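Chemist: Pasting query.cif here (mmCIF, N, CA and C atoms):
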data_work
loop_
_atom_site.label_atom_id
_atom_site.label_comp_id
_atom_site.auth_asym_id
_atom_site.auth_seq_id
_atom_site.Cartn_x
_atom_site.Cartn_y
_atom_site.Cartn_z
N MET A 1 0.83 -1.19 0.00
CA MET A 1 0.00 0.00 0.00
C MET A 1 0.88 1.25 0.00
N GLU A 2 1.95 1.23 0.76
CA GLU A 2 2.81 2.40 0.87
C GLU A 2 3.54 2.68 -0.45
N THR A 3 3.92 1.63 -1.17
CA THR A 3 4.61 1.84 -2.45
C THR A 3 3.68 2.44 -3.50
N GLU A 4 2.39 2.11 -3.43
CA GLU A 4 1.41 2.72 -4.35
C GLU A 4 1.35 4.22 -4.15
N VAL A 5 1.35 4.66 -2.92
CA VAL A 5 1.28 6.10 -2.61
C VAL A 5 2.54 6.79 -3.13
N ILE A 6 3.68 6.17 -2.91
CA ILE A 6 4.94 6.75 -3.37
C ILE A 6 4.96 6.84 -4.90
N LEU A 7 4.50 5.78 -5.58
CA LEU A 7 4.46 5.79 -7.04
C LEU A 7 3.51 6.85 -7.57
N ARG A 8 2.38 7.03 -6.93
CA ARG A 8 1.43 8.07 -7.35
C ARG A 8 2.03 9.46 -7.16
N ILE A 9 2.70 9.65 -6.06
CA ILE A 9 3.35 10.95 -5.82
C ILE A 9 4.42 11.20 -6.88
N LEU A 10 5.23 10.19 -7.17
CA LEU A 10 6.26 10.35 -8.20
C LEU A 10 5.65 10.63 -9.57
N LEU A 11 4.55 9.96 -9.87
CA LEU A 11 3.86 10.19 -11.14
C LEU A 11 3.34 11.63 -11.21
N LEU A 12 2.72 12.09 -10.15
CA LEU A 12 2.21 13.46 -10.12
C LEU A 12 3.33 14.49 -10.25
N VAL A 13 4.43 14.25 -9.56
CA VAL A 13 5.58 15.16 -9.66
C VAL A 13 6.12 15.15 -11.09
N GLY A 14 6.22 14.00 -11.70
CA GLY A 14 6.70 13.90 -13.08
C GLY A 14 5.80 14.63 -14.06
N VAL A 15 4.49 14.46 -13.91
CA VAL A 15 3.54 15.15 -14.79
C VAL A 15 3.64 16.65 -14.58
N PHE A 16 3.74 17.08 -13.33
CA PHE A 16 3.87 18.49 -13.01
C PHE A 16 5.12 19.08 -13.68
N ILE A 17 6.24 18.40 -13.58
CA ILE A 17 7.48 18.87 -14.18
C ILE A 17 7.36 18.93 -15.70
N LEU A 18 6.81 17.89 -16.31
CA LEU A 18 6.66 17.87 -17.77
C LEU A 18 5.74 18.98 -18.27
N LEU A 19 4.73 19.31 -17.50
CA LEU A 19 3.81 20.36 -17.92
C LEU A 19 4.40 21.76 -17.73
N PHE A 20 5.23 21.94 -16.72
CA PHE A 20 5.74 23.28 -16.45
C PHE A 20 7.12 23.57 -17.01
N LEU A 21 7.81 22.57 -17.54
CA LEU A 21 9.07 22.83 -18.22
C LEU A 21 8.89 23.75 -19.44
N PRO A 22 7.88 23.53 -20.28
CA PRO A 22 7.68 24.48 -21.39
C PRO A 22 7.38 25.90 -20.91
N THR A 23 6.70 26.03 -19.79
CA THR A 23 6.40 27.36 -19.25
C THR A 23 7.69 28.06 -18.83
N VAL A 24 8.55 27.36 -18.15
CA VAL A 24 9.82 27.94 -17.71
C VAL A 24 10.66 28.32 -18.93
N TRP A 25 10.70 27.42 -19.92
CA TRP A 25 11.46 27.70 -21.14
C TRP A 25 10.91 28.93 -21.86
N ALA A 26 9.58 29.02 -21.98
CA ALA A 26 8.95 30.15 -22.67
C ALA A 26 9.23 31.46 -21.95
N ILE A 27 9.16 31.47 -20.64
CA ILE A 27 9.45 32.69 -19.88
C ILE A 27 10.89 33.13 -20.11
N ARG A 28 11.81 32.18 -20.09
CA ARG A 28 13.22 32.49 -20.34
C ARG A 28 13.41 33.01 -21.76
N ASN A 29 12.77 32.37 -22.74
CA ASN A 29 12.88 32.79 -24.13
C ASN A 29 12.32 34.19 -24.33
N ILE A 30 11.20 34.48 -23.71
CA ILE A 30 10.60 35.81 -23.82
C ILE A 30 11.53 36.86 -23.21
N ALA A 31 12.15 36.53 -22.10
CA ALA A 31 13.03 37.48 -21.42
C ALA A 31 14.25 37.84 -22.27
N TYR A 32 14.81 36.87 -22.98
CA TYR A 32 16.05 37.11 -23.73
C TYR A 32 15.84 37.49 -25.18
N ARG A 33 14.68 37.25 -25.72
CA ARG A 33 14.42 37.53 -27.13
C ARG A 33 13.97 38.98 -27.32
N SER A 34 14.37 39.56 -28.44
CA SER A 34 13.91 40.92 -28.72
C SER A 34 12.59 40.86 -29.47
N PHE A 35 11.70 41.75 -29.11
CA PHE A 35 10.38 41.84 -29.73
C PHE A 35 10.28 43.20 -30.42
N PRO A 36 9.35 43.33 -31.37
CA PRO A 36 9.21 44.62 -32.05
C PRO A 36 8.87 45.76 -31.08
N THR A 37 8.06 45.46 -30.07
CA THR A 37 7.71 46.48 -29.07
C THR A 37 7.75 45.85 -27.68
N ILE A 38 7.89 46.69 -26.70
CA ILE A 38 7.87 46.21 -25.31
C ILE A 38 6.48 45.71 -24.96
N LYS A 39 5.47 46.27 -25.62
CA LYS A 39 4.09 45.84 -25.37
C LYS A 39 3.89 44.39 -25.80
N ALA A 40 4.45 44.01 -26.94
CA ALA A 40 4.35 42.62 -27.41
C ALA A 40 5.02 41.67 -26.43
N LYS A 41 6.17 42.08 -25.92
CA LYS A 41 6.88 41.25 -24.94
C LYS A 41 6.05 41.09 -23.67
N ALA A 42 5.46 42.18 -23.21
CA ALA A 42 4.65 42.13 -21.99
C ALA A 42 3.41 41.27 -22.18
N ILE A 43 2.79 41.35 -23.35
CA ILE A 43 1.60 40.53 -23.62
C ILE A 43 1.96 39.05 -23.60
N TRP A 44 3.05 38.68 -24.28
CA TRP A 44 3.45 37.27 -24.29
C TRP A 44 3.82 36.80 -22.88
N PHE A 45 4.50 37.65 -22.14
CA PHE A 45 4.86 37.28 -20.76
C PHE A 45 3.60 37.04 -19.94
N ALA A 46 2.60 37.90 -20.09
CA ALA A 46 1.34 37.74 -19.35
C ALA A 46 0.62 36.46 -19.76
N VAL A 47 0.56 36.19 -21.06
CA VAL A 47 -0.12 34.98 -21.54
C VAL A 47 0.53 33.74 -20.97
N VAL A 48 1.86 33.70 -21.03
CA VAL A 48 2.58 32.50 -20.57
C VAL A 48 2.47 32.32 -19.07
N THR A 49 2.55 33.41 -18.31
CA THR A 49 2.53 33.26 -16.85
C THR A 49 1.11 33.08 -16.30
N LEU A 50 0.12 33.66 -16.94
CA LEU A 50 -1.24 33.56 -16.42
C LEU A 50 -1.97 32.30 -16.88
N LEU A 51 -1.50 31.68 -17.95
CA LEU A 51 -2.15 30.48 -18.46
C LEU A 51 -1.17 29.31 -18.60
N PRO A 52 -0.44 28.97 -17.55
CA PRO A 52 0.48 27.84 -17.71
C PRO A 52 -0.29 26.54 -17.75
N PRO A 53 0.11 25.54 -18.41
CA PRO A 53 1.11 25.45 -19.48
C PRO A 53 0.51 25.76 -20.85
N ILE A 54 -0.77 26.06 -20.92
CA ILE A 54 -1.42 26.35 -22.21
C ILE A 54 -0.77 27.56 -22.87
N GLY A 55 -0.49 28.61 -22.09
CA GLY A 55 0.14 29.80 -22.64
C GLY A 55 1.51 29.50 -23.23
N ALA A 56 2.25 28.61 -22.59
CA ALA A 56 3.57 28.24 -23.10
C ALA A 56 3.45 27.51 -24.43
N PHE A 57 2.50 26.61 -24.54
CA PHE A 57 2.32 25.89 -25.80
C PHE A 57 1.85 26.82 -26.91
N VAL A 58 1.02 27.79 -26.57
CA VAL A 58 0.59 28.78 -27.57
C VAL A 58 1.78 29.62 -28.00
N TYR A 59 2.61 30.03 -27.06
CA TYR A 59 3.81 30.81 -27.39
C TYR A 59 4.75 30.01 -28.28
N ILE A 60 4.95 28.75 -27.95
CA ILE A 60 5.85 27.91 -28.75
C ILE A 60 5.30 27.74 -30.17
N ALA A 61 3.99 27.59 -30.29
CA ALA A 61 3.39 27.38 -31.61
C ALA A 61 3.26 28.66 -32.42
N VAL A 62 2.97 29.79 -31.77
CA VAL A 62 2.64 31.01 -32.50
C VAL A 62 3.66 32.13 -32.29
N GLY A 63 4.13 32.31 -31.08
CA GLY A 63 4.89 33.49 -30.74
C GLY A 63 6.36 33.48 -31.08
N ARG A 64 6.96 32.32 -31.19
CA ARG A 64 8.38 32.27 -31.48
C ARG A 64 8.66 32.71 -32.90
N SER A 65 9.82 33.32 -33.11
CA SER A 65 10.22 33.73 -34.46
C SER A 65 10.54 32.51 -35.29
N ARG A 66 10.16 32.59 -36.52
CA ARG A 66 10.56 31.57 -37.48
C ARG A 66 11.92 31.96 -38.05
N PRO A 67 12.69 31.01 -38.58
CA PRO A 67 14.01 31.33 -39.12
C PRO A 67 13.97 32.43 -40.18
N GLY A 68 12.95 32.47 -41.03
CA GLY A 68 12.85 33.51 -42.05
C GLY A 68 12.67 34.88 -41.44
N GLU A 69 11.85 34.97 -40.42
CA GLU A 69 11.64 36.24 -39.73
C GLU A 69 12.93 36.69 -39.05
N LEU A 70 13.65 35.74 -38.47
CA LEU A 70 14.89 36.07 -37.79
C LEU A 70 15.91 36.60 -38.78
N ALA A 71 16.00 35.99 -39.96
CA ALA A 71 16.93 36.46 -40.98
C ALA A 71 16.58 37.87 -41.43
N GLU A 72 15.29 38.16 -41.58
CA GLU A 72 14.87 39.51 -41.96
C GLU A 72 15.25 40.52 -40.89
N ASP A 73 15.09 40.14 -39.61
CA ASP A 73 15.45 41.02 -38.51
C ASP A 73 16.94 41.33 -38.53
N VAL A 74 17.76 40.32 -38.79
CA VAL A 74 19.21 40.51 -38.83
C VAL A 74 19.59 41.44 -39.98
N GLU A 75 18.96 41.24 -41.15
CA GLU A 75 19.24 42.10 -42.29
C GLU A 75 18.85 43.54 -41.99
N ALA A 76 17.71 43.75 -41.36
CA ALA A 76 17.26 45.10 -41.02
C ALA A 76 18.22 45.75 -40.03
N GLN A 77 18.71 44.98 -39.06
CA GLN A 77 19.66 45.52 -38.09
C GLN A 77 20.97 45.90 -38.77
N ASP A 78 21.42 45.06 -39.73
CA ASP A 78 22.64 45.37 -40.47
C ASP A 78 22.49 46.66 -41.26
N GLU A 79 21.33 46.83 -41.91
CA GLU A 79 21.09 48.05 -42.67
C GLU A 79 21.04 49.27 -41.76
N ASP A 80 20.41 49.13 -40.62
CA ASP A 80 20.35 50.24 -39.66
C ASP A 80 21.75 50.61 -39.17
N ALA A 81 22.58 49.62 -38.92
CA ALA A 81 23.94 49.88 -38.45
C ALA A 81 24.74 50.58 -39.54
N GLU A 82 24.54 50.19 -40.79
CA GLU A 82 25.25 50.82 -41.90
C GLU A 82 24.83 52.28 -42.06
N VAL A 83 23.54 52.55 -41.94
CA VAL A 83 23.04 53.92 -42.04
C VAL A 83 23.60 54.77 -40.90
N GLU A 84 23.64 54.23 -39.70
CA GLU A 84 24.19 54.97 -38.57
C GLU A 84 25.67 55.27 -38.79
N GLU A 85 26.39 54.30 -39.35
CA GLU A 85 27.81 54.51 -39.62
C GLU A 85 28.00 55.63 -40.64
N LEU A 86 27.16 55.64 -41.68
CA LEU A 86 27.25 56.70 -42.68
C LEU A 86 26.93 58.05 -42.09
N GLU A 87 25.93 58.11 -41.22
CA GLU A 87 25.57 59.38 -40.58
C GLU A 87 26.69 59.87 -39.68
N ASP A 88 27.36 58.94 -39.00
CA ASP A 88 28.45 59.33 -38.11
C ASP A 88 29.63 59.91 -38.88
N THR A 89 29.89 59.37 -40.06
CA THR A 89 31.03 59.84 -40.85
C THR A 89 30.65 61.00 -41.77
N GLY A 90 29.38 61.33 -41.86
CA GLY A 90 28.93 62.44 -42.70
C GLY A 90 28.83 62.08 -44.17
N GLN A 91 28.83 60.82 -44.49
CA GLN A 91 28.74 60.39 -45.88
C GLN A 91 27.29 60.13 -46.24
N THR A 92 27.05 60.06 -47.54
CA THR A 92 25.74 59.67 -48.03
C THR A 92 25.85 58.29 -48.61
N THR A 93 24.73 57.68 -48.89
CA THR A 93 24.77 56.33 -49.48
C THR A 93 25.36 56.37 -50.87
N GLU A 94 25.19 57.50 -51.60
CA GLU A 94 25.78 57.61 -52.95
C GLU A 94 27.30 57.62 -52.87
N ASP A 95 27.85 58.32 -51.86
CA ASP A 95 29.31 58.35 -51.67
C ASP A 95 29.84 56.93 -51.43
N ARG A 96 29.15 56.21 -50.63
CA ARG A 96 29.59 54.85 -50.30
C ARG A 96 29.50 53.94 -51.53
N GLU A 97 28.41 54.08 -52.30
CA GLU A 97 28.26 53.26 -53.50
C GLU A 97 29.36 53.57 -54.52
N GLN A 98 29.73 54.83 -54.66
CA GLN A 98 30.79 55.20 -55.58
C GLN A 98 32.13 54.61 -55.16
N ARG A 99 32.39 54.59 -53.85
CA ARG A 99 33.64 54.02 -53.36
C ARG A 99 33.68 52.51 -53.58
N THR A 100 32.55 51.84 -53.46
CA THR A 100 32.55 50.38 -53.63
C THR A 100 32.65 49.99 -55.10
N GLU A 101 32.21 50.87 -56.01
CA GLU A 101 32.31 50.57 -57.44
C GLU A 101 33.74 50.65 -57.93
N LYS A 102 34.57 51.47 -57.31
CA LYS A 102 35.96 51.68 -57.76
C LYS A 102 36.83 50.52 -57.45
#
Represent the structure from my file as structure tokens, please.
Modeler:
Amino acid sequence: METEVILRILLLVGVFILLFLPTVWAIRNIAYRSFPTIKAKAIWFAVVTLLPPIGAFVYIAVGRSRPGELAEDVEAQDEDAEVEELEDTGQTTEDREQRTEK
């Protein structure tokens, strides 16, 4: 009888851990990932924390960036950095294009 109780407790603990691991992962991912706005980050954080583990599964299915979106974000950041560099040096994009053609 005592081993049945122990096995049930272990089963419940295992199910609890399996259900809340995605929630912990999603919260960590939301914290470290950049979002277009702080409002989007706050909404995802609220969904995941207020509706565990359903919110985590929704975030994993819908909220995470896809590789294509991530590549577009990186390209946009590179372009922004290049524009900032040109502004810092006082050059225009035409000046830079002329230098690269030579």
Chemist: Just the number, please: distance in Å from atom N of A:Tyr59 to atom C of A:Ala46, one decimal.
Modeler: 9.9 Å
Chemist: Have a look at A:Phe45, A:Leu51, A:Ile9, A:Leu19 and name the one nearest to A:Ala31; count only N, CA and C atoms.
Modeler: A:Phe45
Chemist: To one decimal place in Å, what is the distance between atom CA of A:Ile27 and atom CA of A:Ala56?
Modeler: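 These two atoms are separated by 8.0 Å.
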Chemist: When you draw a straight line from atom N of A:Val58 to atom C of A:Thr23, how long is it in Å?
Modeler: 10.2 Å
Chemist: Point out the residue among A:Gly55, A:Leu21, A:Ile60, A:Asn29 with the least atom-to-atom distance to A:Lys41, counting only C-alpha atoms.
Modeler: A:Asn29
